[in-house]
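Participant: Okay, handing you the structure first.
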Amino acid sequence: MSAPQTYKIELPLDRRRMERIEKEAPELKQYIKEAFGGLLKLLEVEVTAEQWKKIQEDFPVARTTPHGTIEQLPKAFKEALFDAVVRLKKLDPSVIDEVYKNIEEIKKKAYEEPLFK
Amino acid sequence: MPRGHVAGKIPPHGGKLVERIVKFRERAERMIQGLPAYELQPTRDPKTGLPIRHVAHEVVSICYGFFSPLEGFMTREELESVLKERRLPDGWLWPMPILFDIPEEDLKKLGIKEGDQLLLMVHGKPFAVLDVDEIYKYDPKEIATKTFGTKEAAPGIVQMDFDAKHPGWLQYSSMTGTFIGGKVTLVNEPVFEEPYSRLWTPPRKAREEIIKRGWRLVIAHQTRNVPHVGHEHLMKFAMLNGDIEPCDAVLVNAIIGVKRLGDYVDEAILEGHEMVNKAGYIAPEHHMVTFTLWDMKYGHPVEAVLHAIIRQNMGCTHHMFGRDHAAVGDYYHPYAAHTLWKEGIPGLGFPEPPHETYKGVLIKPVLMKEILYCRKCGELVYTGCWCNHKSEWSKFSGSFIRSLIIEGVEPPALIMRPEVFQVVMKWWEKIGTPFVNKTYLTTRKIPPFDLKPMEYSPKK
């Protein structure tokens with residue numbers, strides 16, 4: 001099995017995030033995926049190999065699964081990503097570029113999280 | 001036809017359980033007087049300075065017999081034999097180097113030579129005596145590469161060249177290149193704090209406990225994770241393998257040592273597994289949690305053999321091996337360990353399966369695929385032989401669950417038992433993190449035990 005060419009980030013949708021989608025970006029509802037019999041709801045954001053490289057440099061603790069899912073990202077990054085998804089109403093790699101506009105601020109917040117201290 | 005081995009009584013690897021512990025304090029104190037003393041230091045990542053290994057873990061595992069038949073650190077002959085044939089010079093199968101490295105300048109300062117003894121200190125107290133049988137040099141990078149294999153030698157099994165991002169390759173390649181080979185003897189037994197203390201079950205004790213509990217067949221479960229429901233069911237399904245009846249119990253053996261950033265902290269791993277039986281998800285009379293001190297090398301098929309040896313030495317009759325056993329990243333094929341146990345991997349130095357070879361292991365491998373949730377079946381299913389509703393499957397992923405926890409989302413009970421999740425939260429509150437971070441790596445006591453003071457006069 002070789003390394004995947006494209007990657008994704010899963011955004012779990014709790015009640016708070018579901019409410020924001022309902023209010024601010026209902027067009028995203030069609031892309032919601034369910035796992036574990038609907039107990040978990042998720043949105044998947046596409047990430048290019050180049051973007052994954054940058055993410056890995058900024059957050060070395062992040063890992064990918066054999067299926068190309070990027071995991072163990074800081075909460076600050078995921079919150080910013082969800083904000084961008086709702087704002088742009090998109091799930092393609094342009095959302096990651098949007099997040100990267102504020103990456104220094106996100107990194108500052110992330111380094112206060114337990115995993116990154 | 002014989003029924004096979006019985007748990008607790010299965011012969012240790014090499015035929016004899018090694019125990020190199022001086023139990024009598026006076027004798028131990030006599031033994032150490034006048035010896036040159038050397039405080040053990042962790043091996044560090046040359047780039048970050050973070051600890052990546054502590055040789056004291058290996059001293060404990062040798063002296064209590066987890067690594068039987070090893071009685072000490074490898075000499076050059078032993079190292080070369082293992083790197084070339086995955087065997088000790090006397091023929092017993094052995095998968096990876098166990099080495100005592102020392103900086104050249106420390107060796108000079110100590111002024112020791114072959115034939116001397118060295119007193120190893122931990123936390124400033126006498127710990128063990130190392131017989132300096134041989135001092136030799138060896139290229140650490142060559143050791144690292146030969147240990148884990150190459151794409152060319154094992155195509156399809158090794159998928160990527162090993163590099164410093166691989167924690168095991170980094171451990172070996174960061175060694176000093178100067179090694180001492182010789183037997184090691186513990187003169188001061190480790191004193192653990194909770195939760196380690198109540199779960200400390202070295203091989204002799206594990207064997208006694210297994211016999212006391214009347215278990216005939218015991219399957220070992222390797223772990224470095226807080227268990228999710230997928231792990232729990234993997235244990236339950238694997239237990240169904242046995243001989244004429246299922247195994248009586250599962251022995252969970254956590255690998256405790258220096259870990260990767262992002263792994264769960266050891267305390268949460270141990271208590272999380274304990275909670276599986278405390279909360280009754282597996283009855284306590286069928287489940288025992290233990291640990292081994294070892295800095296994971298993430299050597300997947302190679303490490304699988306070491307795990308089999310350790311658990312055979314602890315008295316287990318069976319050992320489960322799943323997808324990505326002791327693996328990290330995409331260095332090996334996800335089912336490389338299965339190939340090893342089914343047909344051997346000649347390119348890694350295992351021409352036959354380790355349990356079907358001369359002087360190989362006696363423990364029976366149980367090869368497990370994945371447990372996942374099938375929406376259509378409405379239950380947890382085993383991918384090896386059950387349902388075919390692939391589009392309805394949800395896979396368990398430890399790192400996905402860690403991602404949920406980081407985001408403050410409590411995993412549904414179908415994914416992680418609430419009692420186990422509470423253990424993770426408890427340790428988050430207690431030590432400020434549920435995951436290994438830089439602070440944990442630099443402030444945690446390594447090795448994770450204390451030693452009692454001993455009378456000792458250094459060399460004059």
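Chains: A, B, ... in order of the structure tokens. Residues: from 1 per chain. Ligands: from 1, in order shown.
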As a PyMOL selection string, please: every residue in segment 83-256 of chain B that a backbone DSSP assignment puts in strand (DSSP E or B).
Facilitator: chain B and resi 87+93+100-101+117-122+125-131+134-137+155+158+178-186+191-192+218-223+242+246+249-256
Participant: Counting only C-alpha atoms, which residues in chain A sit no more than 12 Å from chain B? For each one, give the nearest pair of atoms and the distance in Å, sorted by chain then residue number, as a Markdown table.
Facilitator:
| residue | atom | partner | partner_atom | distance |
| --- | --- | --- | --- | --- |
| A:Met1 | CA | B:His333 | CA | 6.6 |
| A:Ser2 | CA | B:Gln159 | CA | 7.1 |
| A:Ala3 | CA | B:Asp330 | CA | 7.1 |
| A:Pro4 | CA | B:Asp330 | CA | 10.2 |
| A:Ile9 | CA | B:Phe400 | CA | 10.2 |
| A:Glu10 | CA | B:Phe400 | CA | 8.7 |
| A:Leu11 | CA | B:Leu404 | CA | 9.1 |
| A:Pro12 | CA | B:Leu404 | CA | 7.3 |
| A:Leu13 | CA | B:Val409 | CA | 9.0 |
| A:Asp14 | CA | B:Val409 | CA | 7.2 |
| A:Arg15 | CA | B:Val409 | CA | 10.2 |
| A:Arg16 | CA | B:Val409 | CA | 10.8 |
| A:Arg17 | CA | B:Val409 | CA | 11.2 |
| A:Lys33 | CA | B:Ser394 | CA | 10.9 |
| A:Glu34 | CA | B:Ser394 | CA | 8.8 |
| A:Ala35 | CA | B:Ser394 | CA | 5.5 |
| A:Phe36 | CA | B:Ser394 | CA | 5.6 |
| A:Gly37 | CA | B:Arg375 | CA | 5.0 |
| A:Gly38 | CA | B:Arg375 | CA | 8.4 |
| A:Leu39 | CA | B:Pro412 | CA | 6.6 |
| A:Leu40 | CA | B:Pro412 | CA | 7.6 |
| A:Lys41 | CA | B:Pro412 | CA | 11.2 |
| A:Leu42 | CA | B:Leu404 | CA | 11.2 |
| A:Gln56 | CA | B:Lys165 | CA | 11.9 |
| A:Phe59 | CA | B:Leu261 | CA | 10.9 |
| A:Pro60 | CA | B:Leu261 | CA | 8.7 |
| A:Val61 | CA | B:Gly262 | CA | 5.9 |
| A:Ala62 | CA | B:Gly262 | CA | 8.1 |
| A:Arg63 | CA | B:Ser399 | CA | 7.9 |
| A:Thr64 | CA | B:Gly329 | CA | 7.7 |
| A:Thr65 | CA | B:Gly329 | CA | 7.8 |
| A:Pro66 | CA | B:Asp330 | CA | 7.2 |
| A:His67 | CA | B:Asp330 | CA | 10.7 |
| A:Gly68 | CA | B:Asp330 | CA | 10.9 |
| A:Thr69 | CA | B:Phe400 | CA | 8.8 |
| A:Ile70 | CA | B:Phe400 | CA | 8.8 |
| A:Glu71 | CA | B:Phe400 | CA | 6.0 |
| A:Gln72 | CA | B:Ser403 | CA | 4.9 |
| A:Leu73 | CA | B:Ser403 | CA | 6.8 |
| A:Pro74 | CA | B:Ile406 | CA | 6.8 |
| A:Lys75 | CA | B:Glu407 | CA | 5.0 |
| A:Ala76 | CA | B:Glu407 | CA | 8.6 |
| A:Phe77 | CA | B:Glu407 | CA | 9.9 |
| A:Lys78 | CA | B:Glu407 | CA | 7.7 |
| A:Glu79 | CA | B:Glu407 | CA | 8.3 |
| A:Ala80 | CA | B:Glu407 | CA | 11.8 |
| A:Phe82 | CA | B:Glu407 | CA | 11.6 |
| A:Ala110 | CA | B:Ile406 | CA | 10.8 |
| A:Tyr111 | CA | B:Asn437 | CA | 10.6 |
| A:Glu112 | CA | B:Asn437 | CA | 11.3 |
| A:Glu113 | CA | B:Ile406 | CA | 8.5 |
| A:Pro114 | CA | B:Thr433 | CA | 5.1 |
| A:Leu115 | CA | B:Asn437 | CA | 5.3 |
| A:Phe116 | CA | B:Asn437 | CA | 5.9 |
| A:Lys117 | CA | B:Lys438 | CA | 5.9 |
Participant: Write the residues you've just listed into a file as an mmCIF file, in the first residue's frame, and include C-alpha atoms for each of them.
Facilitator:
data_model
loop_
_atom_site.group_PDB
_atom_site.id
_atom_site.type_symbol
_atom_site.label_atom_id
_atom_site.label_comp_id
_atom_site.auth_asym_id
_atom_site.auth_seq_id
_atom_site.Cartn_x
_atom_site.Cartn_y
_atom_site.Cartn_z
ATOM 1 C CA MET A 1 0.000 0.000 0.000
ATOM 2 C CA SER A 2 1.547 3.315 -1.007
ATOM 3 C CA ALA A 3 0.917 6.704 0.591
ATOM 4 C CA PRO A 4 -2.411 8.254 -0.494
ATOM 5 C CA ILE A 9 -9.896 15.949 7.595
ATOM 6 C CA GLU A 10 -13.034 14.795 9.379
ATOM 7 C CA LEU A 11 -14.990 17.350 11.369
ATOM 8 C CA PRO A 12 -17.220 15.678 13.957
ATOM 9 C CA LEU A 13 -20.522 17.504 14.287
ATOM 10 C CA ASP A 14 -21.809 17.900 17.788
ATOM 11 C CA ARG A 15 -25.028 19.758 18.606
ATOM 12 C CA ARG A 16 -23.325 23.166 18.548
ATOM 13 C CA ARG A 17 -21.835 22.596 15.097
ATOM 14 C CA LYS A 33 -21.742 11.582 6.607
ATOM 15 C CA GLU A 34 -22.878 9.300 9.347
ATOM 16 C CA ALA A 35 -20.796 6.713 11.181
ATOM 17 C CA PHE A 36 -21.568 4.120 13.823
ATOM 18 C CA GLY A 37 -25.248 3.938 12.967
ATOM 19 C CA GLY A 38 -25.690 7.706 13.038
ATOM 20 C CA LEU A 39 -24.138 8.166 16.466
ATOM 21 C CA LEU A 40 -21.441 10.262 14.825
ATOM 22 C CA LYS A 41 -22.034 12.855 12.138
ATOM 23 C CA LEU A 42 -19.113 14.182 10.130
ATOM 24 C CA GLN A 56 2.612 18.242 9.175
ATOM 25 C CA PHE A 59 1.730 20.265 13.770
ATOM 26 C CA PRO A 60 4.146 17.321 13.832
ATOM 27 C CA VAL A 61 1.853 15.337 16.150
ATOM 28 C CA ALA A 62 -0.753 15.078 13.363
ATOM 29 C CA ARG A 63 -0.973 11.650 11.743
ATOM 30 C CA THR A 64 -2.673 10.077 8.774
ATOM 31 C CA THR A 65 -4.520 6.795 8.683
ATOM 32 C CA PRO A 66 -3.814 4.327 5.862
ATOM 33 C CA HIS A 67 -6.967 5.735 4.223
ATOM 34 C CA GLY A 68 -5.552 9.249 4.174
ATOM 35 C CA THR A 69 -7.523 10.767 7.044
ATOM 36 C CA ILE A 70 -5.513 13.382 8.909
ATOM 37 C CA GLU A 71 -5.973 13.033 12.638
ATOM 38 C CA GLN A 72 -4.667 14.499 15.887
ATOM 39 C CA LEU A 73 -4.913 18.096 14.822
ATOM 40 C CA PRO A 74 -5.242 20.752 17.499
ATOM 41 C CA LYS A 75 -8.671 21.925 18.537
ATOM 42 C CA ALA A 76 -7.743 25.469 17.478
ATOM 43 C CA PHE A 77 -7.075 24.266 13.923
ATOM 44 C CA LYS A 78 -10.266 22.211 13.728
ATOM 45 C CA GLU A 79 -12.376 25.091 15.093
ATOM 46 C CA ALA A 80 -10.853 27.445 12.528
ATOM 47 C CA PHE A 82 -15.117 24.474 10.807
ATOM 48 C CA ALA A 110 -2.712 25.329 19.543
ATOM 49 C CA TYR A 111 0.531 25.380 21.490
ATOM 50 C CA GLU A 112 -1.509 26.025 24.643
ATOM 51 C CA GLU A 113 -3.448 22.777 24.157
ATOM 52 C CA PRO A 114 -2.398 19.738 26.248
ATOM 53 C CA LEU A 115 -1.268 17.680 23.263
ATOM 54 C CA PHE A 116 1.061 20.363 21.954
ATOM 55 C CA LYS A 117 2.613 21.766 25.171
#
Participant: As a PyMOL selection string, please: the residues near Asp97 of chain A (cut-off 9 Å, only C-alpha atoms, same-chain neighbours under 4 positions excluded).
Facilitator: chain A and resi 51+93+101
Participant: Any chance you could export the current selection's C-alpha atoms as an mmCIF file, in the first residue's frame?
Facilitator:
data_model
loop_
_atom_site.group_PDB
_atom_site.id
_atom_site.type_symbol
_atom_site.label_atom_id
_atom_site.label_comp_id
_atom_site.auth_asym_id
_atom_site.auth_seq_id
_atom_site.Cartn_x
_atom_site.Cartn_y
_atom_site.Cartn_z
ATOM 1 C CA GLN A 51 -1.312 21.086 2.106
ATOM 2 C CA PRO A 93 -8.947 22.334 -0.495
ATOM 3 C CA LYS A 101 -4.461 32.920 6.269
#
Participant: Distance atom CA of Gly149 of chain B-atom CA of Leu170 of chain B, one decimal place?
Facilitator: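 Atom-to-atom, atom CA of Gly149 of chain B to atom CA of Leu170 of chain B, that is 14.0 Å.
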Participant: Set the distance at 7 Å and use only C-alpha atoms: which residues neighbour segment 74-79 of chain B once local chain neighbours fewer than 2 positions away are removed? I'd like the list as a PyMOL selection string.
Facilitator: chain B and resi 72+81-83+88-89+97-99+134+136+181-182
